[in-house]
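Peer 1: data37.tsv (TSV, C-alpha atoms) pasted underneath:
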```tsv
chain	number	residue	atom	x	y	z
A	1	MET	CA	40.39	271.14	31.00
A	2	THR	CA	44.03	270.09	31.03
A	3	ASP	CA	44.67	272.36	34.01
A	4	ALA	CA	41.76	270.79	35.87
A	5	LEU	CA	43.19	267.32	35.18
A	6	VAL	CA	46.62	268.39	36.43
A	7	LEU	CA	45.05	269.87	39.57
A	8	ILE	CA	42.99	266.74	40.23
A	9	SER	CA	45.97	264.40	39.84
A	10	LEU	CA	48.16	266.67	41.99
A	11	PHE	CA	45.48	266.55	44.68
A	12	ALA	CA	45.25	262.77	44.34
A	13	VAL	CA	49.04	262.44	44.76
A	14	ALA	CA	48.99	264.74	47.81
A	15	ALA	CA	46.08	262.84	49.42
A	16	THR	CA	47.65	259.42	48.79
A	17	ALA	CA	51.07	260.52	50.02
A	18	THR	CA	49.50	261.90	53.21
A	19	ALA	CA	47.65	258.62	53.69
A	20	ALA	CA	50.93	256.70	53.20
A	21	VAL	CA	52.52	258.77	55.97
A	22	VAL	CA	49.55	258.54	58.36
A	23	VAL	CA	49.28	254.73	58.07
A	24	ARG	CA	51.91	253.31	60.44
A	25	ASP	CA	52.10	249.56	59.82
A	26	PRO	CA	54.65	248.74	57.04
A	27	ALA	CA	52.52	246.03	55.41
A	28	ARG	CA	49.58	248.43	55.18
A	29	GLN	CA	51.88	251.20	54.00
A	30	ALA	CA	52.92	248.98	51.08
A	31	LEU	CA	49.27	248.89	49.94
A	32	VAL	CA	48.91	252.67	50.12
A	33	LEU	CA	52.30	253.02	48.42
A	34	SER	CA	51.17	251.01	45.42
A	35	VAL	CA	48.14	253.31	45.08
A	36	LEU	CA	50.52	256.28	45.37
A	37	GLY	CA	52.47	254.78	42.45
A	38	LEU	CA	49.27	254.69	40.40
A	39	ALA	CA	48.43	258.32	41.27
A	40	LEU	CA	51.96	259.41	40.34
A	41	ALA	CA	51.67	257.58	37.00
A	42	VAL	CA	48.45	259.48	36.25
A	43	LEU	CA	50.16	262.77	37.17
A	44	PHE	CA	53.10	262.04	34.85
A	45	THR	CA	50.74	261.10	32.01
A	46	VAL	CA	48.73	264.28	32.47
A	47	LEU	CA	51.99	266.27	32.38
A	48	GLN	CA	52.73	264.59	29.01
A	49	ALA	CA	55.59	262.44	30.29
A	50	PRO	CA	54.41	258.92	29.40
A	51	ASP	CA	57.95	257.50	29.53
A	52	VAL	CA	58.33	258.48	33.17
A	53	ALA	CA	54.83	257.17	33.88
A	54	LEU	CA	55.77	253.86	32.25
A	55	SER	CA	58.77	253.32	34.49
A	56	GLN	CA	56.77	254.50	37.51
A	57	LEU	CA	54.10	251.90	36.74
A	58	ALA	CA	56.66	249.15	36.20
A	59	VAL	CA	58.42	249.87	39.50
A	60	GLY	CA	55.57	251.13	41.65
A	61	SER	CA	52.76	248.67	40.99
A	62	ALA	CA	54.50	245.34	41.64
A	63	LEU	CA	58.18	245.74	42.49
A	64	THR	CA	58.11	248.19	45.43
A	65	PRO	CA	55.31	246.36	47.32
A	66	LEU	CA	57.11	243.04	46.74
A	67	LEU	CA	60.39	244.39	48.14
A	68	ILE	CA	58.68	245.96	51.17
A	69	LEU	CA	56.61	242.87	51.97
A	70	LEU	CA	59.62	240.54	51.62
A	71	SER	CA	61.66	242.78	53.94
A	72	VAL	CA	58.82	242.94	56.49
A	73	ARG	CA	58.45	239.18	56.42
A	74	LYS	CA	62.19	238.61	56.86
A	75	VAL	CA	62.45	241.07	59.76
A	76	ARG	CA	59.43	239.50	61.50
A	77	ARG	CA	60.80	235.98	61.05
A	78	ARG	CA	64.18	237.01	62.47
A	79	GLY	CA	62.47	238.68	65.44
A	80	ARG	CA	60.46	235.53	66.12
A	81	ARG	CA	63.57	233.33	65.93
A	82	GLU	CA	65.49	235.56	68.36
A	83	GLU	CA	62.56	235.48	70.73
A	84	GLY	CA	62.58	231.67	70.57
A	85	GLU	CA	66.30	231.50	71.36
A	86	ARG	CA	65.93	233.51	74.51
B	1	MET	CA	37.25	271.01	26.21
B	2	ASN	CA	37.27	267.36	25.35
B	3	ALA	CA	34.61	264.84	26.36
B	4	TRP	CA	37.22	262.08	26.83
B	5	LEU	CA	39.30	264.23	29.16
B	6	ALA	CA	36.17	265.27	31.07
B	7	CYS	CA	35.28	261.60	31.52
B	8	ALA	CA	38.85	260.88	32.67
B	9	ALA	CA	38.68	263.70	35.24
B	10	LEU	CA	35.30	262.49	36.45
B	11	LEU	CA	36.50	258.90	36.76
B	12	LEU	CA	39.63	260.07	38.57
B	13	VAL	CA	37.60	261.97	41.17
B	14	ALA	CA	34.81	259.39	41.52
B	15	GLY	CA	37.16	256.39	41.45
B	16	LEU	CA	40.47	257.28	43.04
B	17	LEU	CA	39.11	259.07	46.12
B	18	PRO	CA	37.15	256.02	47.39
B	19	VAL	CA	40.18	253.86	46.57
B	20	VAL	CA	42.52	256.03	48.64
B	21	TRP	CA	39.93	256.16	51.43
B	22	GLY	CA	39.54	252.37	51.29
B	23	THR	CA	43.26	251.61	51.31
B	24	ALA	CA	43.97	254.04	54.17
B	25	ARG	CA	41.57	252.57	56.73
B	26	GLY	CA	39.67	249.45	57.69
B	27	PRO	CA	40.74	245.77	57.92
B	28	LEU	CA	43.59	244.53	55.76
B	29	GLY	CA	41.33	242.48	53.46
B	30	HIS	CA	39.27	245.58	52.64
B	31	ARG	CA	42.41	247.58	51.90
B	32	ALA	CA	43.76	244.94	49.51
B	33	MET	CA	40.44	244.82	47.67
B	34	ALA	CA	40.40	248.64	47.38
B	35	GLN	CA	43.92	248.54	45.96
B	36	ASN	CA	42.72	245.97	43.41
B	37	CYS	CA	39.94	248.36	42.35
B	38	GLY	CA	42.50	251.18	42.06
B	39	THR	CA	44.30	249.30	39.28
B	40	SER	CA	41.10	249.17	37.23
B	41	VAL	CA	40.28	252.84	37.82
B	42	VAL	CA	43.73	254.09	36.80
B	43	CYS	CA	43.94	251.75	33.79
B	44	LEU	CA	40.62	253.10	32.49
B	45	VAL	CA	41.79	256.66	33.12
B	46	MET	CA	44.89	255.91	31.02
B	47	LEU	CA	42.70	254.62	28.17
B	48	LEU	CA	40.49	257.72	28.34
B	49	LEU	CA	43.56	260.01	28.41
B	50	ALA	CA	44.99	258.24	25.33
B	51	GLN	CA	41.75	259.03	23.51
B	52	GLY	CA	41.48	262.55	24.90
B	53	TYR	CA	45.01	263.59	23.94
B	54	GLY	CA	44.68	261.83	20.58
B	55	ARG	CA	47.82	259.79	21.19
B	56	PRO	CA	47.31	256.06	20.67
B	57	ALA	CA	50.82	255.43	22.05
B	58	TYR	CA	49.50	256.23	25.55
B	59	THR	CA	47.56	252.95	25.36
B	60	ASP	CA	50.88	251.23	26.21
B	61	LEU	CA	50.58	252.63	29.73
B	62	ALA	CA	47.19	250.98	30.17
B	63	LEU	CA	48.59	247.74	28.73
B	64	VAL	CA	51.51	247.68	31.18
B	65	LEU	CA	49.18	248.46	34.08
B	66	ALA	CA	46.65	245.80	33.01
B	67	VAL	CA	49.47	243.22	33.18
B	68	LEU	CA	51.35	244.43	36.27
B	69	GLY	CA	48.46	245.67	38.44
B	70	PRO	CA	46.88	242.25	39.09
B	71	VAL	CA	50.42	240.86	39.60
B	72	GLY	CA	50.91	243.38	42.39
B	73	THR	CA	47.59	242.39	43.98
B	74	LEU	CA	48.57	238.71	43.75
B	75	VAL	CA	51.83	239.58	45.53
B	76	PHE	CA	49.76	241.03	48.39
B	77	ALA	CA	47.41	238.03	48.38
B	78	ARG	CA	50.33	235.59	48.65
B	79	LEU	CA	52.53	237.40	51.15
B	80	LEU	CA	49.74	238.70	53.41
B	81	ALA	CA	47.61	235.53	53.25
B	82	ASP	CA	47.80	234.92	57.03
B	83	GLU	CA	46.52	238.34	58.04
B	84	LEU	CA	44.19	239.27	55.16
B	85	GLY	CA	41.03	238.60	57.15
B	86	GLU	CA	37.58	238.44	55.69
B	87	ALA	CA	36.96	239.80	52.19
B	88	PRO	CA	34.60	242.80	52.32
B	89	ARG	CA	30.93	242.42	51.47
B	90	TRP	CA	31.33	244.89	48.60
B	91	ALA	CA	34.05	242.78	46.91
B	92	ARG	CA	31.69	241.16	44.43
B	93	PRO	CA	29.71	244.31	43.46
B	94	ALA	CA	32.95	246.30	43.20
B	95	THR	CA	34.50	243.72	40.88
B	96	ALA	CA	31.33	243.60	38.78
B	97	LEU	CA	31.30	247.41	38.60
B	98	ALA	CA	34.96	247.48	37.54
B	99	VAL	CA	34.40	244.88	34.81
B	100	GLY	CA	31.30	246.74	33.60
B	101	ALA	CA	33.14	250.07	33.48
B	102	THR	CA	36.03	248.39	31.66
B	103	ALA	CA	33.66	247.00	29.02
B	104	LEU	CA	31.99	250.40	28.62
B	105	VAL	CA	35.23	252.38	28.21
B	106	VAL	CA	36.88	249.78	25.97
B	107	ILE	CA	33.87	249.54	23.64
B	108	ALA	CA	33.66	253.35	23.43
B	109	SER	CA	37.39	253.61	22.68
B	110	CYS	CA	37.22	250.84	20.08
B	111	VAL	CA	34.29	252.57	18.33
B	112	ALA	CA	36.18	255.90	18.40
B	113	THR	CA	39.41	254.43	16.99
B	114	GLY	CA	37.63	252.46	14.27
B	115	PRO	CA	38.74	249.02	13.06
B	116	GLY	CA	42.46	248.34	12.95
B	117	ARG	CA	45.44	247.42	15.09
B	118	ALA	CA	44.81	250.20	17.63
B	119	ALA	CA	41.30	248.92	18.33
B	120	VAL	CA	42.61	245.37	18.79
B	121	LYS	CA	45.18	246.69	21.27
B	122	VAL	CA	42.51	248.53	23.27
B	123	ALA	CA	40.34	245.40	23.29
B	124	LEU	CA	43.34	243.36	24.49
B	125	VAL	CA	43.90	245.84	27.33
B	126	GLY	CA	40.24	245.53	28.29
B	127	VAL	CA	40.29	241.72	28.30
B	128	LEU	CA	43.55	241.58	30.30
B	129	LEU	CA	42.27	244.15	32.81
B	130	ALA	CA	38.90	242.46	33.36
B	131	ALA	CA	40.44	238.98	33.64
B	132	GLY	CA	43.21	240.23	35.95
B	133	ASN	CA	40.70	242.01	38.18
B	134	VAL	CA	38.48	238.94	38.54
B	135	ILE	CA	41.45	236.61	39.17
B	136	ALA	CA	43.04	238.93	41.74
B	137	SER	CA	39.70	239.50	43.51
B	138	ARG	CA	39.06	235.75	43.67
B	139	ASP	CA	42.57	235.13	44.93
B	140	LEU	CA	42.12	237.70	47.72
B	141	SER	CA	38.96	235.92	48.92
B	142	ALA	CA	40.58	232.48	48.56
B	143	ALA	CA	43.71	233.63	50.42
B	144	HIS	CA	41.51	234.40	53.41
B	145	ARG	CA	39.92	230.93	53.36
B	146	ASP	CA	43.26	229.11	53.02
B	147	GLY	CA	45.08	231.40	55.42
B	148	GLY	CA	42.28	231.18	58.01
B	149	HIS	CA	42.40	227.40	58.26
B	150	GLY	CA	46.04	226.76	57.44
```
Take the structure in the file and write it out as structure tokens.
Peer 2:
Amino acid sequence: MTDALVLISLFAVAATATAAVVVRDPARQALVLSVLGLALAVLFTVLQAPDVALSQLAVGSALTPLLILLSVRKVRRRGRREEGER
Amino acid sequence: MNAWLACAALLLVAGLLPVVWGTARGPLGHRAMAQNCGTSVVCLVMLLLAQGYGRPAYTDLALVLAVLGPVGTLVFARLLADELGEAPRWARPATALAVGATALVVIASCVATGPGRAAVKVALVGVLLAAGNVIASRDLSAAHRDGGHG
């Protein structure tokens, strides 16, 4: 049973990571990335490493998407401003 | 073979695959809603794993996720408000399903742990998760309305 759980979560991580690569828009990638964080947390828990899963959850569920979205917004705003100056 | 672990595996397959599928394609509003459902699925899986492995300490994972998951969805709702688009038609049924599953799993876990601090903690996780899911789902729909006109 434990092996099946490990296999399932490994497959989930692989599928989500592939989806994160296939999706091209950064804002959409942030959404897939937060799901990837969740899948990784499940994998770590199944592998009996709850401490790693805890930090993965703390970083992956709120912090990484926030950083990515803030960067995307800043880059877009700068691009718009430079377009306006021209 | 453990019934809790079997349930966790089943929930992982039946819950996470549609979530990944939903976040990887479709309009942005649908993706955000699918991500919101993913939080509930994984939090419930954590609760089931804590029961299955017989380690109450694993409930902490579900607690952290129940607090931080909706926060992450709210981040998306705030920062993507302009481009979220229409909330999907399945938003309401999906939220209702998530809340129902949360109630089911939490009540089962509470009955299995018996009265005490551990049961209170599991119940707290359930309440936080259900409330967070409803609030985040509402905020995603509201973000579309505000962003569409503003």
Peer 1: Draw an axis-aligned box tight on the listed atoms of stretch 9-13 of chain B, then pad every side by 5 Å and write out centre and edge lengths in Å to one decimal as JSON.
Peer 2:
```
{"center_x": 37.5, "center_y": 261.3, "center_z": 38.2, "size_x": 14.3, "size_y": 14.8, "size_z": 15.9}
```
Peer 1: Distance table requested - chain A against chain B, cut-off 8 Å, only C-alpha atoms: one row per qualifying residue with the closest atom pair and its distance in Å to one decimal, ordered by chain and rising residue number, as a tab-separated table.
Peer 2:
```
residue	atom	partner	partner_atom	distance
A:Met1	CA	B:Met1	CA	5.7
A:Thr2	CA	B:Leu5	CA	7.8
A:Ala4	CA	B:Ala9	CA	7.8
A:Leu5	CA	B:Ala9	CA	5.8
A:Ile8	CA	B:Val13	CA	7.3
A:Ser9	CA	B:Leu12	CA	7.8
A:Ala12	CA	B:Leu17	CA	7.4
A:Ala15	CA	B:Val20	CA	7.7
A:Thr16	CA	B:Val20	CA	6.2
A:Ala19	CA	B:Ala24	CA	5.9
A:Ala20	CA	B:Ala24	CA	7.5
A:Val23	CA	B:Ala24	CA	6.6
A:Arg28	CA	B:Leu28	CA	7.2
A:Leu31	CA	B:Gln35	CA	6.7
A:Val32	CA	B:Thr23	CA	5.9
A:Ser34	CA	B:Gln35	CA	7.7
A:Val35	CA	B:Gln35	CA	6.4
A:Leu38	CA	B:Val42	CA	6.6
A:Ala39	CA	B:Val42	CA	7.7
A:Val42	CA	B:Val42	CA	7.2
A:Thr45	CA	B:Met46	CA	7.9
A:Val46	CA	B:Leu49	CA	7.8
A:Pro50	CA	B:Tyr58	CA	6.8
A:Ala53	CA	B:Leu61	CA	7.5
A:Leu54	CA	B:Leu61	CA	5.9
A:Leu57	CA	B:Leu65	CA	6.6
A:Ala58	CA	B:Leu68	CA	7.1
A:Ser61	CA	B:Gly72	CA	5.8
A:Ala62	CA	B:Gly72	CA	4.2
A:Leu63	CA	B:Gly72	CA	7.6
A:Pro65	CA	B:Gly72	CA	7.2
A:Leu66	CA	B:Val75	CA	6.4
A:Leu69	CA	B:Leu79	CA	6.9
A:Leu70	CA	B:Leu79	CA	7.8
```
Peer 1: Go ahead and save the residues from that selection, with C-alpha atoms, as an mmCIF file, in the coordinates of the input.
Peer 2:
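Here's the written file out35.cif:
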```
data_model
loop_
_atom_site.group_PDB
_atom_site.id
_atom_site.type_symbol
_atom_site.label_atom_id
_atom_site.label_comp_id
_atom_site.auth_asym_id
_atom_site.auth_seq_id
_atom_site.Cartn_x
_atom_site.Cartn_y
_atom_site.Cartn_z
ATOM 1 C CA MET A 1 40.390 271.140 31.000
ATOM 2 C CA THR A 2 44.030 270.090 31.030
ATOM 3 C CA ALA A 4 41.760 270.790 35.870
ATOM 4 C CA LEU A 5 43.190 267.320 35.180
ATOM 5 C CA ILE A 8 42.990 266.740 40.230
ATOM 6 C CA SER A 9 45.970 264.400 39.840
ATOM 7 C CA ALA A 12 45.250 262.770 44.340
ATOM 8 C CA ALA A 15 46.080 262.840 49.420
ATOM 9 C CA THR A 16 47.650 259.420 48.790
ATOM 10 C CA ALA A 19 47.650 258.620 53.690
ATOM 11 C CA ALA A 20 50.930 256.700 53.200
ATOM 12 C CA VAL A 23 49.280 254.730 58.070
ATOM 13 C CA ARG A 28 49.580 248.430 55.180
ATOM 14 C CA LEU A 31 49.270 248.890 49.940
ATOM 15 C CA VAL A 32 48.910 252.670 50.120
ATOM 16 C CA SER A 34 51.170 251.010 45.420
ATOM 17 C CA VAL A 35 48.140 253.310 45.080
ATOM 18 C CA LEU A 38 49.270 254.690 40.400
ATOM 19 C CA ALA A 39 48.430 258.320 41.270
ATOM 20 C CA VAL A 42 48.450 259.480 36.250
ATOM 21 C CA THR A 45 50.740 261.100 32.010
ATOM 22 C CA VAL A 46 48.730 264.280 32.470
ATOM 23 C CA PRO A 50 54.410 258.920 29.400
ATOM 24 C CA ALA A 53 54.830 257.170 33.880
ATOM 25 C CA LEU A 54 55.770 253.860 32.250
ATOM 26 C CA LEU A 57 54.100 251.900 36.740
ATOM 27 C CA ALA A 58 56.660 249.150 36.200
ATOM 28 C CA SER A 61 52.760 248.670 40.990
ATOM 29 C CA ALA A 62 54.500 245.340 41.640
ATOM 30 C CA LEU A 63 58.180 245.740 42.490
ATOM 31 C CA PRO A 65 55.310 246.360 47.320
ATOM 32 C CA LEU A 66 57.110 243.040 46.740
ATOM 33 C CA LEU A 69 56.610 242.870 51.970
ATOM 34 C CA LEU A 70 59.620 240.540 51.620
#
```
Peer 1: Counting all atoms listed in the file, find residues at most 7 Å from (56.6, 257.9, 39.8) (file frame) and give them as a list in words.
Peer 2: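 Looking at atoms near the point gives Gly37, Leu40, Ala41, Val52, Ala53 and Gln56 of chain A.
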Peer 1: What is the atom CA of B:Ala66 to atom CA of A:Ser71 distance in Å?
Peer 2: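 Atom CA of A:Ser71 lies 25.9 Å from atom CA of B:Ala66.
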Peer 1: To one decimal in Å, tell me the separation between atom CA of B:Ala142 and atom CA of A:Arg73.
Peer 2: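 Straight-line distance from atom CA of B:Ala142 to atom CA of A:Arg73 works out to 20.6 Å.
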Peer 1: Would you mind reading off the distance between atom CA of B:Val105 and atom CA of B:Trp90, one decimal, in Å?
Peer 2: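 Atom-to-atom, atom CA of B:Val105 to atom CA of B:Trp90, that is 22.1 Å.
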Peer 1: From the options A:Leu36, A:Leu43, A:Ala27, A:Gly79, which residue's atoms come nearest to A:Leu67, counting all atoms listed in the file?
Peer 2: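 Closest to A:Leu67 of all the choices is A:Ala27.
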